[in-house]
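Peer 1: My file is data18.csv. It has CSV, C-alpha atoms and all ligand atoms:
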chain,number,residue,atom,x,y,z
A,72,MET,CA,-21.5,36.7,-1.3
A,73,ALA,CA,-18.7,34.3,-0.2
A,74,LYS,CA,-19.0,30.8,-1.7
A,75,GLN,CA,-20.2,28.2,0.7
A,76,ARG,CA,-17.4,26.0,1.8
A,77,ILE,CA,-17.7,22.2,1.6
A,78,ARG,CA,-17.6,20.7,5.1
A,79,VAL,CA,-15.2,17.8,5.4
A,80,GLY,CA,-15.2,15.5,8.3
A,81,ILE,CA,-11.6,14.4,8.8
A,82,ILE,CA,-11.6,11.2,10.9
A,83,PHE,CA,-8.4,10.0,12.5
A,84,GLY,CA,-6.9,7.8,15.2
A,85,GLY,CA,-8.9,4.6,15.5
A,86,ARG,CA,-8.9,1.1,17.0
A,87,SER,CA,-5.8,0.0,15.1
A,88,GLY,CA,-2.1,-0.7,15.5
A,89,GLU,CA,-1.7,2.2,13.1
A,90,HIS,CA,-3.5,4.8,15.4
A,91,GLU,CA,-0.4,7.0,15.7
A,92,VAL,CA,0.4,6.9,12.0
A,93,SER,CA,-3.2,8.0,11.3
A,94,LEU,CA,-2.7,11.0,13.6
A,95,ARG,CA,0.4,12.0,11.6
A,96,SER,CA,-1.4,11.6,8.3
A,97,ALA,CA,-4.4,13.6,9.4
A,98,CYS,CA,-2.3,16.4,10.7
A,99,SER,CA,-0.7,16.7,7.3
A,100,VAL,CA,-4.1,16.7,5.6
A,101,MET,CA,-5.5,19.3,7.9
A,102,GLU,CA,-2.4,21.6,7.4
A,103,ALA,CA,-2.5,21.3,3.6
A,104,ILE,CA,-6.2,21.3,2.7
A,105,ASP,CA,-7.5,24.4,0.9
A,106,GLN,CA,-9.4,26.2,3.6
A,107,GLU,CA,-11.0,28.6,1.2
A,108,LYS,CA,-12.8,25.7,-0.4
A,109,TYR,CA,-13.1,23.3,2.5
A,110,GLU,CA,-14.2,23.7,6.1
A,111,ILE,CA,-12.6,21.1,8.4
A,112,LEU,CA,-14.6,19.2,11.0
A,113,PRO,CA,-12.0,17.1,12.9
A,114,VAL,CA,-13.3,13.9,14.4
A,115,GLY,CA,-11.0,11.7,16.6
A,116,ILE,CA,-11.5,8.0,17.4
A,117,THR,CA,-9.8,6.8,20.5
A,118,LYS,CA,-7.8,3.5,20.7
A,119,GLU,CA,-10.9,2.1,22.4
A,120,GLY,CA,-13.0,3.1,19.4
A,121,ARG,CA,-14.9,6.0,20.9
A,122,TRP,CA,-15.6,9.0,18.7
A,123,ILE,CA,-14.8,12.5,20.0
A,124,ALA,CA,-15.4,15.9,18.4
A,125,GLY,CA,-15.7,19.5,19.4
A,126,GLY,CA,-12.7,21.4,20.8
A,127,ASN,CA,-9.5,20.0,19.4
A,128,PRO,CA,-9.8,16.2,19.1
A,129,MET,CA,-6.2,15.9,17.7
A,130,LYS,CA,-4.8,17.5,20.8
A,131,ALA,CA,-7.1,15.3,22.9
A,132,LEU,CA,-5.6,12.2,21.3
A,133,THR,CA,-2.0,13.4,21.4
A,134,ALA,CA,-1.7,15.5,24.6
A,135,GLY,CA,-4.9,14.2,26.3
A,136,ASP,CA,-5.8,17.4,28.2
A,137,GLU,CA,-8.3,18.8,25.7
A,138,LEU,CA,-12.0,19.0,26.4
A,139,THR,CA,-14.0,17.3,23.7
A,140,GLN,CA,-17.4,15.7,23.5
A,141,PRO,CA,-18.4,12.1,22.8
A,142,ALA,CA,-19.7,12.0,19.3
A,143,ALA,CA,-21.6,9.7,16.9
A,144,LEU,CA,-22.9,9.4,13.4
A,145,LEU,CA,-26.2,7.5,13.2
A,146,GLY,CA,-26.3,4.6,10.8
A,147,GLU,CA,-29.3,5.8,8.9
A,148,PRO,CA,-29.7,8.1,6.0
A,149,GLY,CA,-31.1,11.6,6.5
A,150,ASP,CA,-29.4,14.6,8.0
A,151,ARG,CA,-25.7,13.4,7.7
A,152,THR,CA,-25.1,15.2,10.9
A,153,LEU,CA,-22.4,14.5,13.4
A,154,LYS,CA,-24.0,14.4,16.9
A,155,ALA,CA,-22.6,15.1,20.3
A,156,ILE,CA,-23.7,12.6,23.0
A,157,GLU,CA,-24.7,14.4,26.2
A,158,THR,CA,-25.5,12.8,29.4
A,159,ILE,CA,-28.5,14.3,31.2
A,160,GLN,CA,-27.5,15.1,34.7
A,161,ASN,CA,-28.5,12.8,37.5
A,162,THR,CA,-30.0,10.3,35.1
A,163,GLU,CA,-28.8,7.4,33.0
A,164,ALA,CA,-30.3,9.0,29.9
A,165,THR,CA,-28.3,10.6,27.1
A,166,SER,CA,-29.4,13.1,24.4
A,167,LEU,CA,-28.0,13.9,21.0
A,168,LYS,CA,-27.2,17.4,20.0
A,169,ASN,CA,-26.3,18.3,16.4
A,170,ILE,CA,-22.7,19.4,15.9
A,171,ALA,CA,-22.7,20.0,12.2
A,172,ALA,CA,-23.8,18.4,8.9
A,173,LEU,CA,-21.1,16.7,6.9
A,174,ASP,CA,-20.8,17.2,3.1
A,175,VAL,CA,-18.1,14.5,2.8
A,176,VAL,CA,-15.9,12.5,5.1
A,177,PHE,CA,-12.1,11.8,4.6
A,178,PRO,CA,-11.3,8.8,6.8
A,179,VAL,CA,-7.6,9.2,7.4
A,180,LEU,CA,-7.5,5.9,9.2
A,181,HIS,CA,-5.1,3.0,8.6
A,182,GLY,CA,-5.7,-0.7,9.3
A,183,THR,CA,-8.4,-2.3,11.3
A,184,TYR,CA,-11.8,-0.5,11.8
A,185,GLY,CA,-10.9,2.3,9.4
A,186,GLU,CA,-9.4,0.9,6.2
A,187,ASP,CA,-11.1,-2.5,6.3
A,188,GLY,CA,-14.7,-1.7,5.2
A,189,THR,CA,-16.2,-1.4,8.7
A,190,LEU,CA,-16.2,2.4,8.9
A,191,GLN,CA,-17.1,2.5,5.2
A,192,GLY,CA,-20.2,0.4,6.1
A,193,LEU,CA,-21.3,3.0,8.6
A,194,LEU,CA,-20.8,5.8,6.1
A,195,GLU,CA,-22.8,3.9,3.5
A,196,LEU,CA,-25.7,3.5,6.1
A,197,ALA,CA,-25.5,7.2,6.9
A,198,ASP,CA,-25.4,8.0,3.2
A,199,VAL,CA,-22.4,10.3,3.6
A,200,PRO,CA,-19.9,10.6,0.6
A,201,TYR,CA,-16.4,9.6,1.7
A,202,VAL,CA,-12.9,9.4,0.3
A,203,GLY,CA,-11.6,6.0,-0.7
A,204,ALA,CA,-12.8,2.5,-1.5
A,205,GLY,CA,-16.2,1.3,-0.5
A,206,VAL,CA,-17.0,-1.7,1.7
A,207,VAL,CA,-15.9,-4.4,-0.7
A,208,GLY,CA,-12.8,-2.7,-2.0
A,209,SER,CA,-11.7,-1.9,1.5
A,210,ALA,CA,-12.3,-5.3,2.9
A,211,VAL,CA,-10.6,-7.1,0.0
A,212,GLY,CA,-7.7,-4.7,0.2
A,213,MET,CA,-7.3,-5.6,3.9
A,214,ASP,CA,-7.7,-9.3,3.7
A,215,LYS,CA,-4.5,-10.7,2.3
A,216,ALA,CA,-6.0,-14.1,1.5
A,217,VAL,CA,-9.1,-12.9,-0.3
A,218,PHE,CA,-6.9,-10.3,-2.1
A,219,LYS,CA,-4.7,-13.1,-3.4
A,220,LYS,CA,-7.7,-15.1,-4.7
A,221,VAL,CA,-9.0,-12.0,-6.5
A,222,MET,CA,-5.5,-11.5,-8.1
A,223,VAL,CA,-5.3,-15.1,-9.2
A,224,ALA,CA,-8.7,-14.8,-10.8
A,225,GLU,CA,-7.4,-11.7,-12.7
A,226,ASP,CA,-4.2,-13.4,-13.8
A,227,ILE,CA,-2.1,-11.0,-11.7
A,228,PRO,CA,1.0,-12.9,-10.4
A,229,VAL,CA,1.0,-13.6,-6.6
A,230,LEU,CA,3.7,-15.6,-4.8
A,231,PRO,CA,2.7,-19.3,-4.0
A,232,TYR,CA,0.8,-19.3,-0.7
A,233,LEU,CA,-1.5,-21.3,1.6
A,234,LEU,CA,-4.3,-20.1,3.9
A,235,ILE,CA,-4.2,-21.8,7.3
A,236,LEU,CA,-7.0,-21.5,9.9
A,237,ARG,CA,-5.9,-20.9,13.4
A,238,ALA,CA,-8.3,-23.6,14.4
A,239,ASP,CA,-6.4,-26.1,12.3
A,240,TRP,CA,-3.0,-24.9,13.7
A,241,ASP,CA,-4.4,-25.3,17.3
A,242,ARG,CA,-5.7,-28.8,16.6
A,243,ASP,CA,-2.7,-30.2,14.8
A,244,PRO,CA,0.4,-28.1,14.3
A,245,ASP,CA,2.4,-31.0,12.9
A,246,ALA,CA,-0.1,-31.6,10.1
A,247,VAL,CA,0.0,-27.9,9.3
A,248,ILE,CA,3.8,-27.8,9.1
A,249,ALA,CA,3.8,-31.0,7.0
A,250,LYS,CA,1.2,-29.6,4.6
A,251,THR,CA,3.1,-26.3,4.3
A,252,GLU,CA,6.5,-27.9,3.7
A,253,GLN,CA,4.9,-30.1,1.0
A,254,SER,CA,3.7,-27.2,-1.0
A,255,LEU,CA,6.1,-24.3,-0.3
A,256,ARG,CA,9.8,-23.8,-0.2
A,257,TYR,CA,11.8,-22.0,2.5
A,258,PRO,CA,12.3,-19.1,3.2
A,259,MET,CA,8.6,-18.4,4.0
A,260,PHE,CA,6.7,-15.5,5.4
A,261,VAL,CA,3.8,-16.1,7.8
A,262,LYS,CA,1.3,-13.3,8.2
A,263,PRO,CA,-2.0,-12.7,9.9
A,264,ALA,CA,-4.5,-12.3,7.1
A,265,ASN,CA,-6.1,-9.0,8.3
A,266,LEU,CA,-3.5,-6.7,9.7
A,267,GLY,CA,-1.0,-4.2,8.5
A,268,SER,CA,2.3,-2.5,9.4
A,269,SER,CA,4.1,-5.8,9.4
A,270,VAL,CA,2.6,-6.6,12.8
A,271,GLY,CA,2.7,-10.4,13.5
A,272,ILE,CA,4.7,-11.1,10.3
A,273,SER,CA,7.9,-13.3,10.5
A,274,ARG,CA,10.3,-14.8,8.0
A,275,ALA,CA,11.1,-18.5,8.5
A,276,THR,CA,14.0,-20.4,7.1
A,277,ASN,CA,13.4,-23.8,8.8
A,278,ARG,CA,10.8,-25.9,10.6
A,279,GLY,CA,11.5,-24.4,14.1
A,280,GLU,CA,11.2,-20.9,12.8
A,281,LEU,CA,8.0,-21.8,10.8
A,282,SER,CA,6.4,-23.1,13.9
A,283,SER,CA,7.3,-19.9,15.9
A,284,ALA,CA,6.0,-17.8,13.0
A,285,PHE,CA,2.6,-19.6,13.0
A,286,LYS,CA,2.4,-19.1,16.7
A,287,GLU,CA,3.2,-15.4,16.4
A,288,ALA,CA,0.7,-14.8,13.6
A,289,ALA,CA,-2.0,-16.8,15.4
A,290,ARG,CA,-1.9,-14.2,18.2
A,291,TYR,CA,-3.4,-11.6,15.8
A,292,ASP,CA,-5.9,-13.4,13.5
A,293,ARG,CA,-7.9,-16.5,13.0
A,294,ARG,CA,-6.7,-16.8,9.5
A,295,LEU,CA,-3.1,-17.1,8.7
A,296,LEU,CA,-1.2,-16.7,5.4
A,297,VAL,CA,2.0,-18.5,4.6
A,298,GLU,CA,3.8,-17.7,1.4
A,299,GLU,CA,7.2,-18.3,-0.3
A,300,GLY,CA,9.7,-15.6,0.4
A,301,ILE,CA,11.9,-14.1,-2.3
A,302,PRO,CA,14.9,-11.8,-2.3
A,303,ALA,CA,12.9,-8.8,-3.2
A,304,ARG,CA,13.0,-5.1,-4.1
A,305,GLU,CA,9.9,-3.4,-2.9
A,306,ILE,CA,8.2,-1.3,-5.6
A,307,GLU,CA,5.2,0.8,-4.9
A,308,VAL,CA,2.7,2.5,-7.3
A,309,SER,CA,0.1,5.1,-6.4
A,310,VAL,CA,-3.3,4.8,-8.0
A,311,LEU,CA,-5.9,7.6,-8.2
A,312,GLY,CA,-9.4,7.7,-9.6
A,313,ASN,CA,-12.7,5.9,-9.6
A,314,ASP,CA,-13.8,4.0,-12.7
A,315,ASP,CA,-10.9,5.3,-14.8
A,316,PRO,CA,-7.9,5.2,-12.4
A,317,ILE,CA,-4.4,6.4,-13.3
A,318,ALA,CA,-1.1,5.1,-12.0
A,319,SER,CA,1.9,7.2,-10.7
A,320,ILE,CA,5.5,6.6,-11.5
A,321,PRO,CA,6.8,3.7,-9.3
A,322,GLY,CA,8.8,4.3,-6.2
A,323,GLU,CA,11.0,1.9,-4.3
A,324,VAL,CA,11.5,1.3,-0.5
A,325,ILE,CA,14.9,0.3,0.6
A,326,PRO,CA,14.2,-1.3,4.1
A,327,GLY,CA,16.7,-0.7,6.9
A,328,ASP,CA,15.9,-4.1,8.4
A,329,ALA,CA,16.1,-7.6,6.9
A,330,PHE,CA,12.6,-6.9,5.7
A,331,TYR,CA,10.2,-3.9,5.9
A,332,SER,CA,9.3,-4.4,9.5
A,333,TYR,CA,7.1,-2.5,12.0
A,334,ALA,CA,10.2,-0.9,13.5
A,335,ASP,CA,11.5,0.0,10.1
A,336,LYS,CA,8.2,1.6,9.1
A,337,TYR,CA,7.5,3.6,12.3
A,338,LEU,CA,10.3,3.5,14.9
A,339,ASN,CA,13.7,3.7,13.1
A,340,ASP,CA,14.3,6.1,10.4
A,341,ASP,CA,16.4,3.8,8.3
A,342,ALA,CA,14.1,3.0,5.4
A,343,GLN,CA,14.8,5.0,2.3
A,344,LEU,CA,12.3,6.0,-0.4
A,345,LEU,CA,13.6,6.2,-4.0
A,346,ILE,CA,11.4,8.2,-6.3
A,347,PRO,CA,11.4,7.3,-9.1
A,348,ALA,CA,12.4,3.7,-8.6
A,349,PRO,CA,15.4,2.9,-10.8
A,350,LEU,CA,13.7,0.4,-13.2
A,351,ASP,CA,13.8,-0.3,-16.9
A,352,PRO,CA,10.8,1.1,-18.9
A,353,GLU,CA,9.2,-2.3,-19.4
A,354,THR,CA,9.0,-2.9,-15.6
A,355,VAL,CA,7.7,0.6,-15.1
A,356,SER,CA,4.8,0.0,-17.5
A,357,LEU,CA,4.1,-3.5,-16.2
A,358,ALA,CA,3.9,-2.2,-12.6
A,359,GLN,CA,1.6,0.6,-13.6
A,360,GLU,CA,-0.6,-1.7,-15.7
A,361,LEU,CA,-0.9,-4.3,-12.9
A,362,ALA,CA,-1.5,-1.6,-10.3
A,363,VAL,CA,-4.5,-0.2,-12.2
A,364,ARG,CA,-5.8,-3.7,-13.0
A,365,ALA,CA,-5.5,-4.7,-9.3
A,366,PHE,CA,-7.2,-1.5,-8.2
A,367,LYS,CA,-10.1,-2.2,-10.5
A,368,ALA,CA,-10.3,-5.9,-9.6
A,369,ILE,CA,-10.9,-5.1,-5.9
A,370,ASP,CA,-13.3,-2.3,-6.8
A,371,GLY,CA,-11.0,0.4,-5.5
A,372,ALA,CA,-12.0,4.0,-5.5
A,373,GLY,CA,-10.3,7.3,-4.9
A,374,LEU,CA,-6.9,6.1,-3.8
A,375,GLY,CA,-4.8,3.0,-3.3
A,376,ARG,CA,-1.1,2.2,-3.1
A,377,CYS,CA,-0.2,-1.0,-4.9
A,378,ASP,CA,2.9,-2.7,-3.5
A,379,PHE,CA,5.0,-5.2,-5.5
A,380,LEU,CA,7.9,-7.5,-4.8
A,381,LEU,CA,10.4,-7.5,-7.6
A,382,ASP,CA,12.6,-10.7,-7.5
A,383,LYS,CA,16.2,-9.5,-7.5
A,384,GLU,CA,17.3,-12.8,-9.2
A,385,THR,CA,14.6,-13.4,-11.8
A,386,GLY,CA,13.4,-9.9,-12.4
A,387,LYS,CA,9.8,-11.1,-12.0
A,388,LEU,CA,7.2,-8.7,-10.6
A,389,TRP,CA,4.7,-10.1,-8.0
A,390,ILE,CA,1.9,-8.2,-6.5
A,391,ASN,CA,2.1,-8.1,-2.7
A,392,GLU,CA,-0.8,-6.0,-1.5
A,393,ILE,CA,-3.0,-2.9,-2.0
A,394,ASN,CA,-3.4,-0.4,0.8
A,395,THR,CA,-6.7,1.4,0.3
A,396,ILE,CA,-5.8,4.2,2.8
A,397,PRO,CA,-2.0,4.3,2.5
A,398,GLY,CA,0.3,6.5,4.8
A,399,PHE,CA,-0.7,10.0,3.9
A,400,THR,CA,1.7,12.4,5.6
A,401,SER,CA,3.1,14.9,3.2
A,402,ILE,CA,6.3,12.8,3.1
A,403,SER,CA,4.7,9.4,2.7
A,404,MET,CA,5.2,7.4,-0.4
A,405,TYR,CA,1.6,7.8,-1.8
A,406,PRO,CA,1.6,11.6,-2.0
A,407,LYS,CA,5.3,11.8,-2.9
A,408,LEU,CA,4.7,9.6,-5.9
A,409,TRP,CA,1.9,11.9,-7.1
A,410,GLU,CA,4.1,14.9,-6.5
A,411,ALA,CA,6.8,13.4,-8.7
A,412,SER,CA,4.1,12.7,-11.2
A,413,GLY,CA,2.9,16.3,-11.3
A,414,ILE,CA,0.1,16.5,-8.6
A,415,SER,CA,0.9,18.5,-5.5
A,416,TYR,CA,-0.2,17.4,-2.0
A,417,PRO,CA,-3.0,20.0,-1.7
A,418,ASP,CA,-4.2,19.2,-5.2
A,419,LEU,CA,-4.3,15.6,-4.3
A,420,ILE,CA,-6.5,16.2,-1.3
A,421,ASP,CA,-8.8,18.3,-3.5
A,422,ARG,CA,-9.0,15.6,-6.2
A,423,LEU,CA,-9.7,12.9,-3.6
A,424,ILE,CA,-12.6,14.9,-2.1
A,425,GLN,CA,-14.0,15.6,-5.6
A,426,LEU,CA,-13.8,11.9,-6.5
A,427,ALA,CA,-15.7,11.0,-3.3
A,428,LEU,CA,-18.5,13.4,-4.2
A,429,GLU,CA,-18.6,12.1,-7.8
A,430,ARG,CA,-18.8,8.5,-6.7
A,431,HIS,CA,-21.5,9.3,-4.2
A,432,SER,CA,-23.6,11.0,-6.8
A,433,GLU,CA,-23.0,8.3,-9.4
A,434,LYS,CA,-24.1,5.7,-6.8
A,435,SER,CA,-27.3,7.6,-5.9
A,436,ARG,CA,-28.6,6.7,-9.4
A,437,ASN,CA,-29.0,3.2,-8.1
A,438,LYS,CA,-32.5,2.0,-7.3
A,439,THR,CA,-32.7,0.5,-3.9
A,440,THR,CA,-36.2,-0.9,-4.2
A,441,TYR,CA,-37.7,-3.2,-6.7
A,442,GLU,CA,-40.3,-1.6,-8.9
A,443,SER,CA,-42.2,-3.7,-11.3
A,444,ASP,CA,-42.6,-2.4,-14.8
A,445,SER,CA,-46.3,-1.9,-15.3
A,446,ASN,CA,-45.9,-1.9,-19.1
A,447,GLN,CA,-44.9,-5.6,-19.2
A,501,LIG,N1,6.9,-13.2,0.1
A,501,LIG,C1,7.7,-12.3,0.6
A,501,LIG,N2,9.0,-12.3,0.1
A,501,LIG,C2,9.9,-11.4,0.6
A,501,LIG,N3,9.6,-10.4,1.5
A,501,LIG,C3,8.3,-10.3,1.9
A,501,LIG,C4,7.3,-11.3,1.5
A,501,LIG,N4,6.2,-11.0,2.1
A,501,LIG,C5,6.4,-9.9,2.9
A,501,LIG,N5,7.7,-9.5,2.8
A,501,LIG,C6,8.3,-8.4,3.6
A,501,LIG,O1,7.5,-8.1,4.7
A,501,LIG,C7,7.0,-6.8,4.6
A,501,LIG,C8,5.6,-6.8,5.2
A,501,LIG,O2,4.7,-7.6,4.5
A,501,LIG,P1,3.3,-7.2,3.8
A,501,LIG,O3,2.7,-8.4,3.2
A,501,LIG,O4,3.5,-6.0,3.0
A,501,LIG,O5,2.5,-6.8,5.1
A,501,LIG,P2,1.9,-5.4,5.7
A,501,LIG,O6,0.5,-5.4,5.3
A,501,LIG,O7,2.0,-5.6,7.2
A,501,LIG,O8,2.7,-4.3,5.1
A,501,LIG,C9,7.1,-6.5,3.1
A,501,LIG,O9,7.1,-5.1,2.9
A,501,LIG,C10,8.4,-7.1,2.8
A,501,LIG,O10,9.5,-6.4,3.2
A,502,MG,MG,3.1,-3.9,3.2
Is it possible to give me this structure as structure tokens?
Peer 2:
Amino acid sequence: MAKQRIRVGIIFGGRSGEHEVSLRSACSVMEAIDQEKYEILPVGITKEGRWIAGGNPMKALTAGDELTQPAALLGEPGDRTLKAIETIQNTEATSLKNIAALDVVFPVLHGTYGEDGTLQGLLELADVPYVGAGVVGSAVGMDKAVFKKVMVAEDIPVLPYLLILRADWDRDPDAVIAKTEQSLRYPMFVKPANLGSSVGISRATNRGELSSAFKEAARYDRRLLVEEGIPAREIEVSVLGNDDPIASIPGEVIPGDAFYSYADKYLNDDAQLLIPAPLDPETVSLAQELAVRAFKAIDGAGLGRCDFLLDKETGKLWINEINTIPGFTSISMYPKLWEASGISYPDLIDRLIQLALERHSEKSRNKTTYESDSNQ
């Protein structure tokens, strides 16, 4: 008898500035996944946040002319089944019809509502195993300010920074500028705390630019990060595993723009990836060691790409961020680094799904209720 395949829900799209990138990543995953071992159930999320399944949700999100059904996953443990939401004709009522039970989910979603712990929360409630970091790891990886605090606590070097609330900026911008200039040197980078893809990020070399940079970042988040800018090389390390993660060889991004901007990442094709990064062996080991420590510190799981800034003048290595669901097309940095380290793209997908299943079964050992010990 043929072996039963594992059914993988591949979720893509989403309410995020990285919606399109997610579609590209998911197409790559669906093309490369071992279909003898895994059965794919594609699930799309529209830019408005609605779930669609049945038919071809990828086509529906890209070409728009495909028939799909509204879908949902209930936030309660039990059947782990993706449901189709059907409206009952001539009434306002809806009914749920089972589409298929999910053995595991691979959220190929980047940025808000996919990489930030929110989707992970739903998957926890539904008790479905899933690829990647859990709620805390995802949220800390997403929030640049909390991430830095965790790094500081772990003695992993971060560039000097300040966290500014939009409310404080709105109330008294002059005071914010004065406070920033007192503690940090130009040039500075201002960033929304919870975004990605370089959206809302600007570099400021004087007071006027700093003020515009705060205004721009304040359009995207209620918490703003300002940090010292350095002349940097951008070094990235892929991390893979659960409790015992391993690090790939480092790669380097050579941005086409003045810094690695949104246009550079997704519109132009100017950025270059160097694999491996031309680095001395000490810097390679340091980057790998810090990447694994950072991954563990945020409670990463499955995958994470750890991004560093290497000061071109001093040679010092600073951690910049961890992306818990990094770009995942077959030519993205994360899988490319594994390929160069000896793990092919289809193998990587396989390992990530196995890691998801392992983590879920490890977690199911946890008690969720208090039981008093009658012997005491
Ligand atoms: N402190 C800094 N010094 C120099 N360049 C920086 C600094 N912070 C960010 N950058 C540049 O801006 C880019 C985007 O910043 P990053 O913090 O990685 O945000 P995102 O999460 O949007 O990728 C980086 O890849 C780098 O090119
Ligand atoms: Mg980045």
Peer 1: Using only C-alpha atoms and all ligand atoms, which protein or nucleic acid residues are at most 6 Å from ligand LIG 501 (chain A), as JSON, numbers by chain?
Peer 2: {"A": [260, 267, 268, 269, 270, 298, 299, 300, 301, 302, 303, 330, 331, 332, 391]}
Peer 1: So, counting all atoms listed in the file, which residue among A:Gly192, A:Gly371, A:Pro326, A:Pro321 is closest to Ala348 (chain A)?
Peer 2: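 For Ala348 (chain A), the nearest of the candidates is A:Pro321.
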Peer 1: Around the point (-4.1, -19.2, 11.8) in the file's coordinates, collect all residues with an atom within 10 Å, using all atoms listed in the file, and return them as a PyMOL selection string.
Peer 2: chain A and resi 234-241+247+261-264+285-297
Peer 1: Using only C-alpha atoms and all ligand atoms, pick whichever of A:Val221, A:Val199, A:Val324, A:Leu419 has the shortest atom-to-atom distance to ligand MG 502 (chain A).
Peer 2: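 That would be A:Val324, the residue with the smallest distance to ligand MG 502 (chain A).
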Peer 1: Just give me the gap between CA of Leu196 (chain A) and CA of Met101 (chain A) in Å, one decimal is fine.
Peer 2: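 Calculated distance between CA of Leu196 (chain A) and CA of Met101 (chain A) is 25.7 Å.
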Peer 1: Between A:Gln253, A:Thr385, A:Asn169, A:Ser96, single out the one closest to Gly398 (chain A), counting all atoms listed in the file.
Peer 2: A:Ser96
Peer 1: Using only C-alpha atoms, which protein or nucleic acid residues come within 10 Å of Ile320 (chain A)? Drop anything in the same chain fewer than 5 positions from it, and give the result as JSON, numbers by chain.
Peer 2: {"A": [307, 308, 309, 310, 346, 347, 348, 355, 356, 358, 359, 408, 409, 410, 411, 412]}
Peer 1: Using only C-alpha atoms and all ligand atoms, which of A:Arg86, A:Lys336, A:Arg274, A:Arg436 sits nearest ligand MG 502 (chain A)?
Peer 2: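 Of A:Arg86, A:Lys336, A:Arg274, A:Arg436, the one nearest ligand MG 502 (chain A) is A:Lys336, counting only C-alpha atoms and all ligand atoms.
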Peer 1: Neighbouring residues of Ile111 (chain A) were defined as those with any atom within 7 Å, considering all atoms listed in the file; residues of the same chain fewer than 5 positions away were excluded. Please report them as a list in words.
Peer 2: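 Close residues of Ile111 (chain A): Arg78, Val79, Gly80 and Ile81 of chain A.
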Peer 1: Check the smallest atom-to-atom distance from each of A:Thr189, A:Asn394, A:Ser432, A:Ser403 to ligand MG 502 (chain A) using only C-alpha atoms and all ligand atoms, then report the winner.
Peer 2: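 Counting only C-alpha atoms and all ligand atoms, the residue closest to ligand MG 502 (chain A) is A:Asn394.
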Peer 1: Using CA of Gly185 (chain A) and CA of Ser319 (chain A) as the two end points, give the distance in Å to one decimal.
Peer 2: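 So the answer is 24.3 Å.
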Peer 1: Using only C-alpha atoms and all ligand atoms, which of the listed residues (A:Thr117, A:Asn127, A:Gln140, A:Thr395) sits closest to ligand MG 502 (chain A)?
Peer 2: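 Looking only at the distances to ligand MG 502 (chain A), the closest residue turns out to be A:Thr395.
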Peer 1: Give as a PyMOL selection string each residue that has an atom at most 10 Å from (-14.8, 18.9, 3.2) in the file, counting only C-alpha atoms.
Peer 2: chain A and resi 76-81+104-106+108-112+173-177+201+420-421+424-425+428
Peer 1: Mind writing the picked residues with C-alpha atoms as a PDB file, in the coordinates of the input?
Peer 2:
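Okay, again36.pdb is ready:
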ATOM      1  CA  ARG A  76     -17.400  26.000   1.800  1.00  0.00           C
ATOM      2  CA  ILE A  77     -17.700  22.200   1.600  1.00  0.00           C
ATOM      3  CA  ARG A  78     -17.600  20.700   5.100  1.00  0.00           C
ATOM      4  CA  VAL A  79     -15.200  17.800   5.400  1.00  0.00           C
ATOM      5  CA  GLY A  80     -15.200  15.500   8.300  1.00  0.00           C
ATOM      6  CA  ILE A  81     -11.600  14.400   8.800  1.00  0.00           C
ATOM      7  CA  ILE A 104      -6.200  21.300   2.700  1.00  0.00           C
ATOM      8  CA  ASP A 105      -7.500  24.400   0.900  1.00  0.00           C
ATOM      9  CA  GLN A 106      -9.400  26.200   3.600  1.00  0.00           C
ATOM     10  CA  LYS A 108     -12.800  25.700  -0.400  1.00  0.00           C
ATOM     11  CA  TYR A 109     -13.100  23.300   2.500  1.00  0.00           C
ATOM     12  CA  GLU A 110     -14.200  23.700   6.100  1.00  0.00           C
ATOM     13  CA  ILE A 111     -12.600  21.100   8.400  1.00  0.00           C
ATOM     14  CA  LEU A 112     -14.600  19.200  11.000  1.00  0.00           C
ATOM     15  CA  LEU A 173     -21.100  16.700   6.900  1.00  0.00           C
ATOM     16  CA  ASP A 174     -20.800  17.200   3.100  1.00  0.00           C
ATOM     17  CA  VAL A 175     -18.100  14.500   2.800  1.00  0.00           C
ATOM     18  CA  VAL A 176     -15.900  12.500   5.100  1.00  0.00           C
ATOM     19  CA  PHE A 177     -12.100  11.800   4.600  1.00  0.00           C
ATOM     20  CA  TYR A 201     -16.400   9.600   1.700  1.00  0.00           C
ATOM     21  CA  ILE A 420      -6.500  16.200  -1.300  1.00  0.00           C
ATOM     22  CA  ASP A 421      -8.800  18.300  -3.500  1.00  0.00           C
ATOM     23  CA  ILE A 424     -12.600  14.900  -2.100  1.00  0.00           C
ATOM     24  CA  GLN A 425     -14.000  15.600  -5.600  1.00  0.00           C
ATOM     25  CA  LEU A 428     -18.500  13.400  -4.200  1.00  0.00           C
TER      26      LEU A 428
END
Peer 1: When you draw a straight line from CA of His181 (chain A) to CA of Ser93 (chain A), how long is it in Å?
Peer 2: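 Pair CA of His181 (chain A) / CA of Ser93 (chain A) returns 6.0 Å.
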Peer 1: Counting all atoms listed in the file, what is within 8 Å of Gly146 (chain A), bar same-chain residues fewer than 6 positions away, as a ChimeraX atom specification?
Peer 2: /A:193-194,196-197
Peer 1: For Thr276 (chain A), please output as a PyMOL selection string all residues within 10 Å (counting only C-alpha atoms; exclusion window: fewer than 5 positions along the same chain).
Peer 2: chain A and resi 256-260+281+300
Peer 1: Just to be explicit: take each residue in the selection above, keep C-alpha atoms, and write the result as a JSON list (two decimals), in the frame of the given file.
Peer 2:
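Below is the file that was written, part.json:
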[["chain", "number", "residue", "atom", "x", "y", "z"],
["A", 256, "ARG", "CA", 9.80, -23.80, -0.20],
["A", 257, "TYR", "CA", 11.80, -22.00, 2.50],
["A", 258, "PRO", "CA", 12.30, -19.10, 3.20],
["A", 259, "MET", "CA", 8.60, -18.40, 4.00],
["A", 260, "PHE", "CA", 6.70, -15.50, 5.40],
["A", 281, "LEU", "CA", 8.00, -21.80, 10.80],
["A", 300, "GLY", "CA", 9.70, -15.60, 0.40]]
